[in-house]
Structures are given as C-alpha cells and as structure tokens.
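Student: My structure is in run_10.pdb, and what it holds is PDB, C-alpha atoms:
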MODEL        1
ATOM      1  CA  MET A   1       0.000   0.000   0.000  1.00  0.00           C
ATOM      2  CA  PRO A   2       1.417   3.452  -0.882  1.00  0.00           C
ATOM      3  CA  THR A   3       2.189   5.756   2.026  1.00  0.00           C
ATOM      4  CA  ILE A   4       2.311   9.530   2.278  1.00  0.00           C
ATOM      5  CA  LYS A   5       4.086  11.048   5.265  1.00  0.00           C
ATOM      6  CA  ILE A   6       3.701  14.640   6.324  1.00  0.00           C
ATOM      7  CA  HIS A   7       6.232  16.353   8.557  1.00  0.00           C
ATOM      8  CA  LEU A   8       4.792  19.037  10.827  1.00  0.00           C
ATOM      9  CA  GLU A   9       6.472  21.540  13.071  1.00  0.00           C
ATOM     10  CA  GLN A  10       5.556  21.064  16.728  1.00  0.00           C
ATOM     11  CA  ALA A  11       3.354  24.186  16.645  1.00  0.00           C
ATOM     12  CA  GLU A  12       1.437  22.732  13.691  1.00  0.00           C
ATOM     13  CA  TYR A  13       1.041  19.307  15.275  1.00  0.00           C
ATOM     14  CA  ASP A  14      -0.137  20.780  18.573  1.00  0.00           C
ATOM     15  CA  ALA A  15      -2.977  22.625  16.815  1.00  0.00           C
ATOM     16  CA  VAL A  16      -4.030  19.495  14.901  1.00  0.00           C
ATOM     17  CA  GLU A  17      -3.836  17.320  18.010  1.00  0.00           C
ATOM     18  CA  ARG A  18      -5.882  19.793  20.075  1.00  0.00           C
ATOM     19  CA  PHE A  19      -8.580  19.960  17.379  1.00  0.00           C
ATOM     20  CA  ALA A  20      -8.655  16.160  17.115  1.00  0.00           C
ATOM     21  CA  ALA A  21      -9.130  15.879  20.878  1.00  0.00           C
ATOM     22  CA  LEU A  22     -11.952  18.428  20.707  1.00  0.00           C
ATOM     23  CA  ILE A  23     -13.894  16.300  18.203  1.00  0.00           C
ATOM     24  CA  LYS A  24     -12.744  13.030  19.830  1.00  0.00           C
ATOM     25  CA  VAL A  25     -10.761  11.551  16.934  1.00  0.00           C
ATOM     26  CA  LYS A  26      -7.085  10.842  16.236  1.00  0.00           C
ATOM     27  CA  PRO A  27      -4.961  13.519  14.506  1.00  0.00           C
ATOM     28  CA  GLU A  28      -4.809  11.219  11.463  1.00  0.00           C
ATOM     29  CA  ALA A  29      -8.592  11.547  11.090  1.00  0.00           C
ATOM     30  CA  VAL A  30      -8.310  15.347  10.989  1.00  0.00           C
ATOM     31  CA  VAL A  31      -5.609  15.189   8.310  1.00  0.00           C
ATOM     32  CA  TYR A  32      -7.536  12.655   6.229  1.00  0.00           C
ATOM     33  CA  GLY A  33     -10.706  14.720   6.502  1.00  0.00           C
ATOM     34  CA  ALA A  34      -8.807  17.829   5.418  1.00  0.00           C
ATOM     35  CA  LEU A  35      -7.313  15.981   2.446  1.00  0.00           C
ATOM     36  CA  ASN A  36     -10.759  14.730   1.475  1.00  0.00           C
ATOM     37  CA  ARG A  37     -12.170  18.288   1.516  1.00  0.00           C
ATOM     38  CA  LEU A  38      -9.193  19.556  -0.472  1.00  0.00           C
ATOM     39  CA  MET A  39      -9.469  16.901  -3.161  1.00  0.00           C
ATOM     40  CA  LEU A  40     -13.186  17.639  -3.571  1.00  0.00           C
ATOM     41  CA  GLU A  41     -12.342  21.317  -4.177  1.00  0.00           C
ATOM     42  CA  ALA A  42      -9.140  20.783  -6.197  1.00  0.00           C
ATOM     43  CA  ARG A  43     -10.759  21.509  -9.577  1.00  0.00           C
ATOM     44  CA  ARG A  44     -11.102  25.175  -8.671  1.00  0.00           C
ATOM     45  CA  PRO A  45      -8.148  27.209 -10.034  1.00  0.00           C
ATOM     46  CA  GLU A  46      -7.819  29.290  -6.849  1.00  0.00           C
ATOM     47  CA  VAL A  47      -7.433  26.112  -4.782  1.00  0.00           C
ATOM     48  CA  ARG A  48      -4.688  24.843  -7.080  1.00  0.00           C
ATOM     49  CA  GLY A  49      -2.911  28.201  -6.819  1.00  0.00           C
ATOM     50  CA  GLU A  50      -3.186  28.140  -3.032  1.00  0.00           C
ATOM     51  CA  ILE A  51      -1.620  24.670  -2.892  1.00  0.00           C
ATOM     52  CA  VAL A  52       1.376  25.816  -4.928  1.00  0.00           C
ATOM     53  CA  GLU A  53       1.721  29.029  -2.910  1.00  0.00           C
ATOM     54  CA  THR A  54       1.447  27.246   0.440  1.00  0.00           C
ATOM     55  CA  TRP A  55       4.096  24.708  -0.542  1.00  0.00           C
ATOM     56  CA  THR A  56       6.420  27.550  -1.540  1.00  0.00           C
ATOM     57  CA  TRP A  57       6.255  29.405   1.780  1.00  0.00           C
ATOM     58  CA  HIS A  58       5.759  26.524   4.213  1.00  0.00           C
ATOM     59  CA  ARG A  59       9.475  25.955   4.891  1.00  0.00           C
ATOM     60  CA  ASP A  60       9.941  29.484   6.225  1.00  0.00           C
ATOM     61  CA  ASN A  61       6.575  30.247   7.825  1.00  0.00           C
ATOM     62  CA  LEU A  62       4.025  28.629  10.067  1.00  0.00           C
ATOM     63  CA  PRO A  63       0.449  28.627   8.798  1.00  0.00           C
ATOM     64  CA  LEU A  64      -2.079  30.857  10.566  1.00  0.00           C
ATOM     65  CA  TRP A  65      -3.710  27.838  12.221  1.00  0.00           C
ATOM     66  CA  ALA A  66      -0.467  26.712  13.920  1.00  0.00           C
ATOM     67  CA  ASP A  67       0.341  27.588  17.497  1.00  0.00           C
ATOM     68  CA  SER A  68       2.678  30.552  17.949  1.00  0.00           C
ATOM     69  CA  ALA A  69       5.346  28.566  19.803  1.00  0.00           C
ATOM     70  CA  CYS A  70       8.021  29.327  17.207  1.00  0.00           C
ATOM     71  CA  SER A  71       7.158  32.966  16.573  1.00  0.00           C
ATOM     72  CA  VAL A  72       9.525  35.795  17.351  1.00  0.00           C
ATOM     73  CA  HIS A  73       8.604  39.268  18.410  1.00  0.00           C
ATOM     74  CA  ALA A  74       8.392  41.811  15.617  1.00  0.00           C
ATOM     75  CA  TYR A  75      10.554  44.368  17.413  1.00  0.00           C
ATOM     76  CA  GLU A  76      14.326  44.189  17.737  1.00  0.00           C
ATOM     77  CA  GLY A  77      15.571  43.884  21.263  1.00  0.00           C
ATOM     78  CA  LYS A  78      12.422  42.223  22.605  1.00  0.00           C
ATOM     79  CA  GLY A  79      12.264  38.565  23.511  1.00  0.00           C
ATOM     80  CA  ASP A  80      10.255  35.875  21.780  1.00  0.00           C
ATOM     81  CA  ASP A  81       6.497  35.998  22.198  1.00  0.00           C
ATOM     82  CA  GLU A  82       5.129  33.583  24.762  1.00  0.00           C
ATOM     83  CA  PRO A  83       3.813  30.375  23.181  1.00  0.00           C
ATOM     84  CA  ALA A  84       0.062  30.499  22.684  1.00  0.00           C
ATOM     85  CA  PRO A  85      -2.562  28.372  20.980  1.00  0.00           C
ATOM     86  CA  SER A  86      -3.654  29.487  17.548  1.00  0.00           C
ATOM     87  CA  LYS A  87      -6.650  31.811  17.526  1.00  0.00           C
ATOM     88  CA  TYR A  88      -7.918  29.827  14.531  1.00  0.00           C
ATOM     89  CA  MET A  89      -8.223  26.518  16.381  1.00  0.00           C
TER      90      MET A  89
ENDMDL
END
What is this file in structure tokens?
Tutor:
Amino acid sequence: MPTIKIHLEQAEYDAVERFAALIKVKPEAVVYGALNRLMLEARRPEVRGEIVETWTWHRDNLPLWADSACSVHAYEGKGDDEPAPSKYM
C-alpha cells in the first residue's frame, strides 16, 4: 500500500492534536478529513494556486492555524512571544 508522510512543526502538530481531541478523533482523522475536503475542491483554479503558494512558503513560515510557539517578536531587542494556541483553532 502506498504511504504519504507529512512532517509538521511542533506548533502545527499541537494545533491538529488539540482539534482532534476536541472532536474526539485521532490527529490522522483530521488530516484525512482535510485531504478529502481539499481533493473535492481541487478543480477550482484558486485552490490549485493556493496549494502551490502554500508549498512555496511553508518551509519558512508557520500557517495561521499553527500555534505561535516558534514565533519571534516583531521588534528588535524584545524577547520571543510567549507560546500560545492558535486563535484559529
């Protein structure tokens, strides 16, 4: 059977795991459900463009739905922001 593995940053995994716990499923169920929704919408050109764009920036940025654990403060001389759950999850 073919296998696809996805590597998440801890801040991304934490948000997925928390959502999975909220709806009482495993994180794998959340990811599979998200993939199912995506594939049903993949014919739309804007969805295809978003996939390409997301893949391009994902190595350097966390998505909006990820926890802020890896964020840094926007001002020089200030410390890192305190880790916090995503406001989107």
Student: Around (2.2, 23.8, 5.9) in the file's own coordinates, what residues are found within 12 Å if you use all atoms listed in the file, given back as a list of chain:residue names?
Tutor: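 The distance filter leaves exactly A:Ile6, A:His7, A:Leu8, A:Glu9, A:Gln10, A:Ala11, A:Glu12, A:Tyr13, A:Val16, A:Val31, A:Glu50, A:Ile51, A:Val52, A:Glu53, A:Thr54, A:Trp55, A:Thr56, A:Trp57, A:His58, A:Arg59, A:Asp60, A:Asn61, A:Leu62, A:Pro63, A:Leu64, A:Trp65, A:Ala66.
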Student: Do you have the atom CA of Ala15 of chain A-atom CA of Tyr32 of chain A distance handy?
Tutor: 15.2 Å
Student: Between atom CA of Pro45 of chain A and atom CA of Pro27 of chain A, what distance in Å does the model show, to one decimal?
Tutor: 28.3 Å
Student: To one decimal place in Å, what is the distance between atom CA of Glu17 of chain A and atom CA of Ala34 of chain A?
Tutor: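 Separation of atom CA of Glu17 of chain A and atom CA of Ala34 of chain A: 13.5 Å.
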